[in-house]
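Shown next: query-v2.cif, containing mmCIF, C-alpha atoms and all ligand atoms.
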data_run
#
loop_
_atom_site.label_atom_id
_atom_site.label_comp_id
_atom_site.auth_asym_id
_atom_site.auth_seq_id
_atom_site.Cartn_x
_atom_site.Cartn_y
_atom_site.Cartn_z
CA MET W 25 0.00 0.00 0.00
CA SER W 26 1.28 3.45 -0.82
CA LEU W 27 -0.01 7.01 -0.83
CA ASN W 28 -2.41 8.00 -3.58
CA LEU W 29 -0.07 10.27 -5.52
CA ILE W 30 0.03 11.30 -9.15
CA GLU W 31 3.15 12.46 -10.94
CA ILE W 32 3.50 16.22 -11.15
CA GLU W 33 3.32 17.32 -14.80
CA ARG W 34 6.64 18.21 -16.40
CA VAL W 35 7.42 20.60 -19.24
CA GLU W 36 10.74 21.46 -20.89
CA THR W 37 10.07 25.18 -20.67
CA ILE W 38 7.01 27.43 -20.62
CA THR W 39 5.73 30.86 -21.63
CA LYS W 40 4.10 33.05 -19.03
CA GLU W 41 0.77 32.82 -20.89
CA ASP W 42 0.82 29.02 -20.78
CA PHE W 43 1.95 29.02 -17.18
CA ILE W 44 -0.93 31.28 -16.12
CA LYS W 45 -3.52 29.37 -18.18
CA ASN W 46 -2.45 25.80 -17.47
CA TYR W 47 -1.01 25.95 -13.97
CA PHE W 48 -1.58 29.19 -12.05
CA LYS W 49 -5.31 29.59 -12.83
CA PRO W 50 -6.20 25.94 -12.12
CA GLN W 51 -3.68 25.94 -9.20
CA LYS W 52 -1.84 22.87 -10.48
CA PRO W 53 1.81 22.13 -9.67
CA VAL W 54 4.32 21.74 -12.49
CA VAL W 55 8.03 21.06 -12.92
CA ILE W 56 9.81 23.14 -15.56
CA GLN W 57 12.92 21.24 -16.52
CA ASN W 58 14.99 23.65 -18.57
CA PHE W 59 13.84 27.05 -17.43
CA ILE W 60 17.11 28.28 -15.89
CA LYS W 61 19.65 26.93 -18.37
CA ASP W 62 20.77 30.50 -19.17
CA TRP W 63 21.24 31.55 -15.54
CA PRO W 64 24.91 31.63 -14.43
CA ALA W 65 23.61 29.70 -11.39
CA TYR W 66 22.84 26.73 -13.63
CA SER W 67 26.51 26.03 -14.24
CA LYS W 68 27.97 27.66 -11.12
CA TRP W 69 25.79 26.68 -8.19
CA ASN W 70 26.99 23.59 -6.38
CA LEU W 71 28.12 22.92 -2.82
CA ASP W 72 31.77 23.76 -3.60
CA TYR W 73 30.79 27.16 -4.96
CA ILE W 74 28.66 27.88 -1.89
CA LYS W 75 31.63 26.95 0.28
CA GLN W 76 33.76 29.36 -1.72
CA VAL W 77 31.41 32.37 -1.50
CA ALA W 78 29.81 31.78 1.90
CA GLY W 79 32.27 29.50 3.71
CA ASP W 80 32.82 31.86 6.62
CA LYS W 81 29.12 32.50 7.37
CA ILE W 82 27.61 31.00 10.49
CA VAL W 83 24.44 29.21 9.43
CA PRO W 84 21.36 28.12 11.41
CA LEU W 85 20.71 24.36 11.30
CA TYR W 86 17.56 22.31 11.91
CA ASP W 87 17.21 18.57 12.42
CA ASP W 88 14.12 16.36 12.66
CA ARG W 89 13.57 16.58 16.43
CA PRO W 90 9.94 17.09 17.43
CA VAL W 91 8.71 20.58 18.30
CA ASP W 92 9.62 21.59 21.83
CA PHE W 93 7.56 24.18 23.68
CA LYS W 94 10.73 26.09 24.55
CA ASP W 95 11.62 26.62 20.87
CA GLY W 96 10.71 29.95 19.36
CA PHE W 97 9.16 30.14 15.90
CA ASN W 98 11.76 28.75 13.43
CA GLU W 99 14.44 28.74 16.15
CA PRO W 100 17.53 26.81 14.96
CA HIS W 101 18.74 23.63 16.72
CA ALA W 102 22.43 24.26 16.05
CA LYS W 103 24.81 26.64 14.29
CA MET W 104 27.89 25.91 12.18
CA GLN W 105 30.27 27.60 9.80
CA MET W 106 29.04 27.09 6.22
CA ALA W 107 32.40 25.61 5.12
CA LYS W 108 32.14 22.96 7.86
CA TYR W 109 28.51 22.31 7.01
CA VAL W 110 29.32 21.73 3.32
CA ASP W 111 32.12 19.32 4.36
CA LEU W 112 29.63 17.49 6.57
CA LEU W 113 27.04 17.25 3.77
CA LYS W 114 29.64 15.78 1.44
CA SER W 115 31.16 13.35 3.91
CA LYS W 116 28.14 11.50 5.35
CA PRO W 117 24.34 11.54 5.75
CA THR W 118 23.21 14.21 8.22
CA LYS W 119 19.83 15.30 9.50
CA PHE W 120 20.97 18.90 9.66
CA ARG W 121 19.23 21.19 7.21
CA ILE W 122 19.27 24.90 6.54
CA PHE W 123 15.76 26.30 6.27
CA LEU W 124 14.78 29.78 5.05
CA TRP W 125 18.21 31.36 4.64
CA ASN W 126 17.91 34.79 3.08
CA VAL W 127 20.26 34.97 0.06
CA LEU W 128 19.98 38.72 -0.39
CA LYS W 129 20.96 39.47 3.17
CA GLU W 130 23.56 36.76 3.72
CA VAL W 131 25.46 36.41 0.43
CA PRO W 132 24.51 39.29 -1.89
CA ILE W 133 26.99 38.14 -4.56
CA LEU W 134 24.75 35.14 -5.32
CA GLN W 135 22.14 37.54 -6.72
CA LYS W 136 24.33 38.06 -9.79
CA ASP W 137 23.73 34.44 -10.74
CA PHE W 138 19.97 34.54 -11.25
CA THR W 139 17.20 36.77 -12.52
CA TYR W 140 13.62 37.03 -11.31
CA PRO W 141 11.67 35.07 -13.92
CA ASP W 142 8.52 36.48 -15.44
CA PHE W 143 5.81 33.91 -14.81
CA GLY W 144 3.13 36.63 -14.93
CA LEU W 145 3.12 36.88 -11.12
CA LYS W 146 4.69 39.60 -8.98
CA LEU W 147 7.59 37.93 -7.17
CA MET W 148 8.63 39.24 -3.76
CA LYS W 149 12.11 40.50 -4.55
CA GLY W 150 13.37 40.75 -0.98
CA LEU W 151 12.72 37.14 -0.15
CA PRO W 152 14.80 34.66 -2.16
CA MET W 153 15.34 31.90 0.41
CA LEU W 154 17.85 29.05 0.38
CA PHE W 155 17.36 25.53 1.79
CA PHE W 156 20.08 22.88 2.21
CA GLY W 157 19.95 19.25 3.24
CA GLY W 158 22.08 16.12 3.56
CA THR W 159 21.36 12.59 2.37
CA ASN W 160 18.04 11.37 3.82
CA SER W 161 17.25 14.59 5.67
CA HIS W 162 13.70 15.82 5.26
CA THR W 163 11.43 18.78 5.83
CA PHE W 164 8.25 17.95 7.77
CA MET W 165 5.06 18.10 5.75
CA HIS W 166 4.03 21.73 6.13
CA TYR W 167 2.58 24.68 4.27
CA ASP W 168 3.93 28.22 4.34
CA ILE W 169 2.46 30.77 6.71
CA ASP W 170 1.62 33.23 3.88
CA LEU W 171 0.11 30.58 1.56
CA ALA W 172 2.27 32.05 -1.22
CA ASN W 173 2.77 30.74 -4.75
CA ILE W 174 6.24 29.20 -4.57
CA PHE W 175 8.86 28.60 -7.27
CA HIS W 176 11.39 26.12 -5.92
CA PHE W 177 14.67 25.89 -7.89
CA HIS W 178 16.83 22.89 -7.12
CA PHE W 179 20.63 22.53 -7.31
CA GLU W 180 23.19 19.72 -7.14
CA GLY W 181 21.34 16.81 -5.51
CA LYS W 182 18.18 14.79 -6.00
CA LYS W 183 15.10 15.52 -3.91
CA GLU W 184 11.85 13.65 -3.34
CA ILE W 185 8.79 15.90 -3.30
CA ILE W 186 5.26 15.12 -2.08
CA LEU W 187 2.51 17.74 -2.26
CA PHE W 188 -1.12 17.99 -1.14
CA ASP W 189 -3.58 20.80 -1.70
CA GLN W 190 -5.50 22.38 1.18
CA GLN W 191 -8.58 20.24 0.44
CA GLN W 192 -6.63 17.24 1.69
CA THR W 193 -5.93 18.75 5.11
CA LYS W 194 -8.68 16.69 6.77
CA HIS W 195 -6.81 13.47 5.91
CA LEU W 196 -3.33 14.58 6.98
CA TYR W 197 -3.31 14.62 10.82
CA LYS W 198 -2.76 18.37 10.92
CA ILE W 199 -1.60 19.79 14.24
CA PRO W 200 -4.04 22.51 15.33
CA HIS W 201 -2.69 26.07 15.63
CA SER W 202 0.30 25.24 13.45
CA LEU W 203 1.41 24.74 9.85
CA ILE W 204 2.58 21.15 10.18
CA VAL W 205 1.13 17.64 10.38
CA ARG W 206 2.17 14.94 12.90
CA GLU W 207 5.95 14.90 12.74
CA ASP W 208 6.09 11.12 13.30
CA ILE W 209 4.54 10.34 9.90
CA ASN W 210 7.10 9.14 7.38
CA PHE W 211 5.63 10.35 4.11
CA SER W 212 8.22 8.43 2.10
CA ASP W 213 6.86 5.17 3.55
CA PRO W 214 3.81 5.81 5.73
CA ASP W 215 2.50 3.33 8.28
CA PHE W 216 -1.17 3.06 7.28
CA LYS W 217 -2.04 1.03 10.38
CA LYS W 218 -1.03 3.97 12.51
CA TRP W 219 -2.25 6.69 10.11
CA PRO W 220 -5.24 5.12 8.27
CA ALA W 221 -6.74 8.43 7.10
CA LEU W 222 -3.75 8.99 4.82
CA LYS W 223 -5.31 6.38 2.50
CA ASN W 224 -7.93 8.99 1.56
CA ALA W 225 -5.49 11.77 0.73
CA LYS W 226 -4.87 12.52 -2.94
CA GLY W 227 -1.59 14.24 -3.71
CA TYR W 228 1.29 14.71 -6.09
CA LYS W 229 4.88 13.53 -6.27
CA THR W 230 8.07 14.06 -8.21
CA TYR W 231 11.85 13.94 -7.90
CA LEU W 232 13.69 17.20 -8.50
CA GLU W 233 17.14 17.27 -10.07
CA HIS W 234 19.71 20.01 -10.66
CA GLY W 235 18.33 23.00 -12.56
CA GLU W 236 14.65 22.06 -12.33
CA VAL W 237 12.01 24.39 -10.94
CA LEU W 238 8.87 23.26 -9.18
CA TYR W 239 5.80 25.49 -9.01
CA MET W 240 3.80 24.93 -5.80
CA PRO W 241 0.37 26.58 -5.85
CA GLU W 242 -1.03 28.64 -2.97
CA GLY W 243 -1.00 26.98 0.42
CA PHE W 244 0.11 23.58 -0.90
CA TRP W 245 1.41 21.17 1.73
CA HIS W 246 4.97 20.10 0.93
CA TYR W 247 7.25 17.32 2.17
CA MET W 248 10.79 17.29 0.79
CA LYS W 249 13.41 14.63 1.30
CA TYR W 250 16.99 15.11 0.14
CA LEU W 251 18.06 11.80 -1.44
CA THR W 252 21.55 13.21 -1.98
CA PRO W 253 23.08 16.42 -0.57
CA GLY W 254 21.84 19.52 -2.32
CA PHE W 255 20.15 22.86 -1.97
CA SER W 256 17.26 24.86 -3.35
CA MET W 257 16.12 28.44 -3.71
CA SER W 258 12.51 29.48 -3.32
CA LEU W 259 11.02 32.60 -4.87
CA ARG W 260 7.50 33.53 -3.87
CA ALA W 261 4.51 35.53 -5.04
CA MET W 262 1.69 36.58 -2.73
CA ALA W 263 -1.45 34.47 -2.57
CA ARG W 264 -4.13 35.87 -4.92
CA ASN W 265 -7.15 33.92 -3.76
CA PRO W 266 -8.88 36.13 -1.13
CA LYS W 267 -9.63 33.08 1.00
CA ASN W 268 -5.92 32.22 1.11
CA LEU W 269 -4.96 35.82 1.84
CA GLY W 270 -7.41 35.75 4.74
CA LYS W 271 -5.86 32.52 6.03
CA ALA W 272 -2.38 34.06 5.71
CA MET W 273 -3.44 37.08 7.82
CA TYR W 274 -5.02 34.76 10.37
CA ASN W 275 -1.86 32.63 10.56
CA VAL W 276 0.49 35.58 10.99
CA PHE W 277 -1.56 37.66 13.42
CA VAL W 278 -3.80 35.21 15.28
CA MET W 279 -2.62 31.60 15.00
CA ARG W 280 1.01 32.38 15.80
CA THR W 281 0.05 34.56 18.78
CA ILE W 282 -2.28 31.92 20.24
CA ASP W 283 0.43 29.28 19.88
CA THR W 284 3.16 31.44 21.43
CA VAL W 285 0.98 32.42 24.40
CA MET W 286 -0.20 28.85 25.02
CA ARG W 287 3.37 27.48 24.89
CA ARG W 288 4.28 30.01 27.54
CA ILE W 289 1.30 29.20 29.75
CA LYS W 290 1.02 25.43 29.35
CA GLY W 291 4.48 24.39 28.15
CA GLN W 292 4.89 20.84 26.86
CA LYS W 293 1.26 19.99 27.79
CA TRP W 294 0.11 22.32 25.01
CA ILE W 295 2.31 20.50 22.47
CA ASP W 296 1.11 17.08 23.70
CA TRP W 297 -2.53 18.20 23.56
CA LYS W 298 -2.12 19.47 20.00
CA ASN W 299 -0.52 16.17 18.95
CA GLU W 300 -3.49 14.24 20.39
CA GLN W 301 -5.98 16.59 18.74
CA ALA W 302 -4.33 15.95 15.38
CA ILE W 303 -5.45 12.33 15.68
CA LYS W 304 -8.89 13.08 17.15
CA GLN W 305 -9.72 15.66 14.50
CA THR W 306 -8.69 13.43 11.60
CA LYS W 307 -11.62 11.29 10.48
CA ILE W 308 -11.02 7.97 8.74
O1 LIG Y 401 13.64 22.28 0.65
C1 LIG Y 401 13.39 22.40 1.83
O2 LIG Y 401 14.17 22.01 2.70
C2 LIG Y 401 12.09 23.05 2.22
C3 LIG Y 401 11.56 23.97 1.18
C4 LIG Y 401 10.35 24.72 1.61
O3 LIG Y 401 9.74 24.41 2.60
C5 LIG Y 401 9.86 25.85 0.78
O4 LIG Y 401 10.41 26.12 -0.28
O5 LIG Y 401 8.90 26.51 1.23
#

Before we go any further, please render this structure as structure tokens.
Ligand SMILES: O=C(O)CCC(=O)C(=O)O
Amino acid sequence: MSLNLIEIERVETITKEDFIKNYFKPQKPVVIQNFIKDWPAYSKWNLDYIKQVAGDKIVPLYDDRPVDFKDGFNEPHAKMQMAKYVDLLKSKPTKFRIFLWNVLKEVPILQKDFTYPDFGLKLMKGLPMLFFGGTNSHTFMHYDIDLANIFHFHFEGKKEIILFDQQQTKHLYKIPHSLIVREDINFSDPDFKKWPALKNAKGYKTYLEHGEVLYMPEGFWHYMKYLTPGFSMSLRAMARNPKNLGKAMYNVFVMRTIDTVMRRIKGQKWIDWKNEQAIKQTKI
């Protein structure tokens, strides 16, 4: 038994008109295989190059430990010099990932290697984010707080991708007052005895390779597993659907505040209660 996933459509390249008509309007994911062949990044960006231009930076690292009530929002689990981190990635599997690292702020020179593509959407120029991971590390199934349209460009390694739209949330064991599902689900090989509702979820999958870009529509759940060491850059455009914009506002101003206050008041009990609710609220 495996998850009910269809392959994400793939195109060699695409015009903005076709992108808007075939993927943005119907909110369908797509992989564009050869879109960035003329970016300097296509030939330059690999782990050695990152070590060369950003080796002395201290980077925030995350592993797959469960959420702890003492952790702040996106608070890193460890810090390391980028040069050492790249050596680690290349030498052995590691759970340590870099998540949401702002390219503009941290290594401005990298901006020379890419341009903001015209997909017919207004990209947020201040927010190109980088993500790194080692063999077998993964990002929990989550969706982004602003429910943005995301363009995810991948470099060097191979990455497994699983996506679900927001309609599937009821089958995913979502943790209330958060943007994640139960962290103990292995989406690469789920235990359906433990998580039977996952049988009803309908999603998408693909494997991303160097130079490919994945479009993730607004608010899509995403799970990403690095099969070999690599890194990605995400560019984002604001959600257009008013319902999603409303959810984004709620997440930023209400959901996050409730969660922070409750962690302070109830501590680990709040986290444990949310984890139980994720099971209770998911119908089979
Ligand atoms: O690639 C990753 O590690 C996570 C990417 C992600 O969550 C995103 O692009 O929003």

Requested in this report: Return as a ChimeraX atom specification every polymer residue, whether protein, DNA or RNA, with at least one atom no more than 10 Å from an atom of ligand LIG 401 (chain Y); count all atoms listed in the file.
Outcome: /W:86,121-124,152-158,161-169,171-178,183-185,238-240,243-250,254-260

Closest contacts (segment 147-213 of chain W/segment 50-74 of chain W, max 9 Å, only C-alpha atoms) as a Markdown table:
| residue | atom | partner | partner_atom | distance |
| --- | --- | --- | --- | --- |
| W:Phe177 | CA | W:Ile60 | CA | 8.7 |
| W:Phe179 | CA | W:Asn70 | CA | 6.5 |
| W:Glu180 | CA | W:Asn70 | CA | 5.5 |
| W:Gly181 | CA | W:Asn70 | CA | 8.9 |
| W:Leu187 | CA | W:Pro53 | CA | 8.6 |

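Counting all atoms listed in the file, Glu41 of chain W has the following residues at most 12 Å away, ignoring those fewer than 5 positions along the same chain: Asn46, Tyr47, Phe48, Lys49, Asp142, Phe143, Gly144 and Leu145 of chain W.
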
Query - Two-atom distance - atom CA of Asp88 of chain W, atom CA of Leu269 of chain W (Å) - result: 29.3 Å

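Taking all atoms listed in the file, the non-local environment of Ile30 of chain W within 7 Å (same-chain residues fewer than 3 positions away omitted) comprises W:Gly227, W:Tyr228, W:Lys229.
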
Give one line per residue of segment 142-217 of chain W that approaches segment 277-282 of chain W to at most 12 Å, naming the two atoms of the closest pair and their distance in Å to one decimal, counting only C-alpha atoms; sort by chain then ascending residue number and deliver it as CSV.
residue,atom,partner,partner_atom,distance
W:Ile169,CA,W:Arg280,CA,9.3
W:Asp170,CA,W:Phe277,CA,11.0
W:Ile199,CA,W:Met279,CA,11.9
W:Pro200,CA,W:Met279,CA,9.2
W:His201,CA,W:Met279,CA,5.6
W:Ser202,CA,W:Met279,CA,7.2
W:Leu203,CA,W:Met279,CA,9.5

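Taking atom CA of Val83 of chain W and atom CA of Met148 of chain W as the two end points, the separation is 22.9 Å.
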
Output as a PDB file, in the coordinates of the input: segment 69-89 of chain W, completed with N, CA and C atoms.
ATOM      1  N   TRP W  69      26.244  26.986  -9.548  1.00  0.00           N
ATOM      2  CA  TRP W  69      25.790  26.680  -8.190  1.00  0.00           C
ATOM      3  C   TRP W  69      25.928  25.190  -7.864  1.00  0.00           C
ATOM      4  N   ASN W  70      26.864  24.923  -6.969  1.00  0.00           N
ATOM      5  CA  ASN W  70      26.990  23.590  -6.380  1.00  0.00           C
ATOM      6  C   ASN W  70      27.545  23.814  -4.975  1.00  0.00           C
ATOM      7  N   LEU W  71      27.719  22.756  -4.218  1.00  0.00           N
ATOM      8  CA  LEU W  71      28.120  22.920  -2.820  1.00  0.00           C
ATOM      9  C   LEU W  71      29.524  23.536  -2.695  1.00  0.00           C
ATOM     10  N   ASP W  72      30.413  23.188  -3.665  1.00  0.00           N
ATOM     11  CA  ASP W  72      31.770  23.760  -3.600  1.00  0.00           C
ATOM     12  C   ASP W  72      31.735  25.266  -3.783  1.00  0.00           C
ATOM     13  N   TYR W  73      30.896  25.716  -4.707  1.00  0.00           N
ATOM     14  CA  TYR W  73      30.790  27.160  -4.960  1.00  0.00           C
ATOM     15  C   TYR W  73      30.232  27.887  -3.729  1.00  0.00           C
ATOM     16  N   ILE W  74      29.240  27.271  -3.098  1.00  0.00           N
ATOM     17  CA  ILE W  74      28.660  27.880  -1.890  1.00  0.00           C
ATOM     18  C   ILE W  74      29.734  27.972  -0.807  1.00  0.00           C
ATOM     19  N   LYS W  75      30.549  26.939  -0.718  1.00  0.00           N
ATOM     20  CA  LYS W  75      31.630  26.950   0.280  1.00  0.00           C
ATOM     21  C   LYS W  75      32.603  28.106  -0.015  1.00  0.00           C
ATOM     22  N   GLN W  76      32.841  28.300  -1.304  1.00  0.00           N
ATOM     23  CA  GLN W  76      33.760  29.360  -1.720  1.00  0.00           C
ATOM     24  C   GLN W  76      33.220  30.758  -1.388  1.00  0.00           C
ATOM     25  N   VAL W  77      31.927  31.002  -1.679  1.00  0.00           N
ATOM     26  CA  VAL W  77      31.410  32.370  -1.500  1.00  0.00           C
ATOM     27  C   VAL W  77      30.831  32.635  -0.114  1.00  0.00           C
ATOM     28  N   ALA W  78      30.483  31.561   0.610  1.00  0.00           N
ATOM     29  CA  ALA W  78      29.810  31.780   1.900  1.00  0.00           C
ATOM     30  C   ALA W  78      30.431  30.962   3.018  1.00  0.00           C
ATOM     31  N   GLY W  79      31.632  30.420   2.760  1.00  0.00           N
ATOM     32  CA  GLY W  79      32.270  29.500   3.710  1.00  0.00           C
ATOM     33  C   GLY W  79      32.404  30.018   5.126  1.00  0.00           C
ATOM     34  N   ASP W  80      32.585  31.342   5.272  1.00  0.00           N
ATOM     35  CA  ASP W  80      32.820  31.860   6.620  1.00  0.00           C
ATOM     36  C   ASP W  80      31.533  32.255   7.353  1.00  0.00           C
ATOM     37  N   LYS W  81      30.402  32.138   6.712  1.00  0.00           N
ATOM     38  CA  LYS W  81      29.120  32.500   7.370  1.00  0.00           C
ATOM     39  C   LYS W  81      28.748  31.461   8.417  1.00  0.00           C
ATOM     40  N   ILE W  82      28.152  31.934   9.491  1.00  0.00           N
ATOM     41  CA  ILE W  82      27.610  31.000  10.490  1.00  0.00           C
ATOM     42  C   ILE W  82      26.157  30.752  10.111  1.00  0.00           C
ATOM     43  N   VAL W  83      25.795  29.481   9.916  1.00  0.00           N
ATOM     44  CA  VAL W  83      24.440  29.210   9.430  1.00  0.00           C
ATOM     45  C   VAL W  83      23.586  28.483  10.479  1.00  0.00           C
ATOM     46  N   PRO W  84      22.274  28.780  10.470  1.00  0.00           N
ATOM     47  CA  PRO W  84      21.360  28.120  11.410  1.00  0.00           C
ATOM     48  C   PRO W  84      20.991  26.740  10.884  1.00  0.00           C
ATOM     49  N   LEU W  85      21.007  25.725  11.756  1.00  0.00           N
ATOM     50  CA  LEU W  85      20.710  24.360  11.300  1.00  0.00           C
ATOM     51  C   LEU W  85      19.498  23.788  12.051  1.00  0.00           C
ATOM     52  N   TYR W  86      18.744  22.961  11.337  1.00  0.00           N
ATOM     53  CA  TYR W  86      17.560  22.310  11.910  1.00  0.00           C
ATOM     54  C   TYR W  86      17.689  20.811  11.678  1.00  0.00           C
ATOM     55  N   ASP W  87      17.258  20.012  12.661  1.00  0.00           N
ATOM     56  CA  ASP W  87      17.210  18.570  12.420  1.00  0.00           C
ATOM     57  C   ASP W  87      15.746  18.128  12.505  1.00  0.00           C
ATOM     58  N   ASP W  88      15.517  16.811  12.701  1.00  0.00           N
ATOM     59  CA  ASP W  88      14.120  16.360  12.660  1.00  0.00           C
ATOM     60  C   ASP W  88      13.556  16.118  14.064  1.00  0.00           C
ATOM     61  N   ARG W  89      14.110  16.781  15.081  1.00  0.00           N
ATOM     62  CA  ARG W  89      13.570  16.580  16.430  1.00  0.00           C
ATOM     63  C   ARG W  89      12.166  17.183  16.499  1.00  0.00           C
TER      64      ARG W  89
END
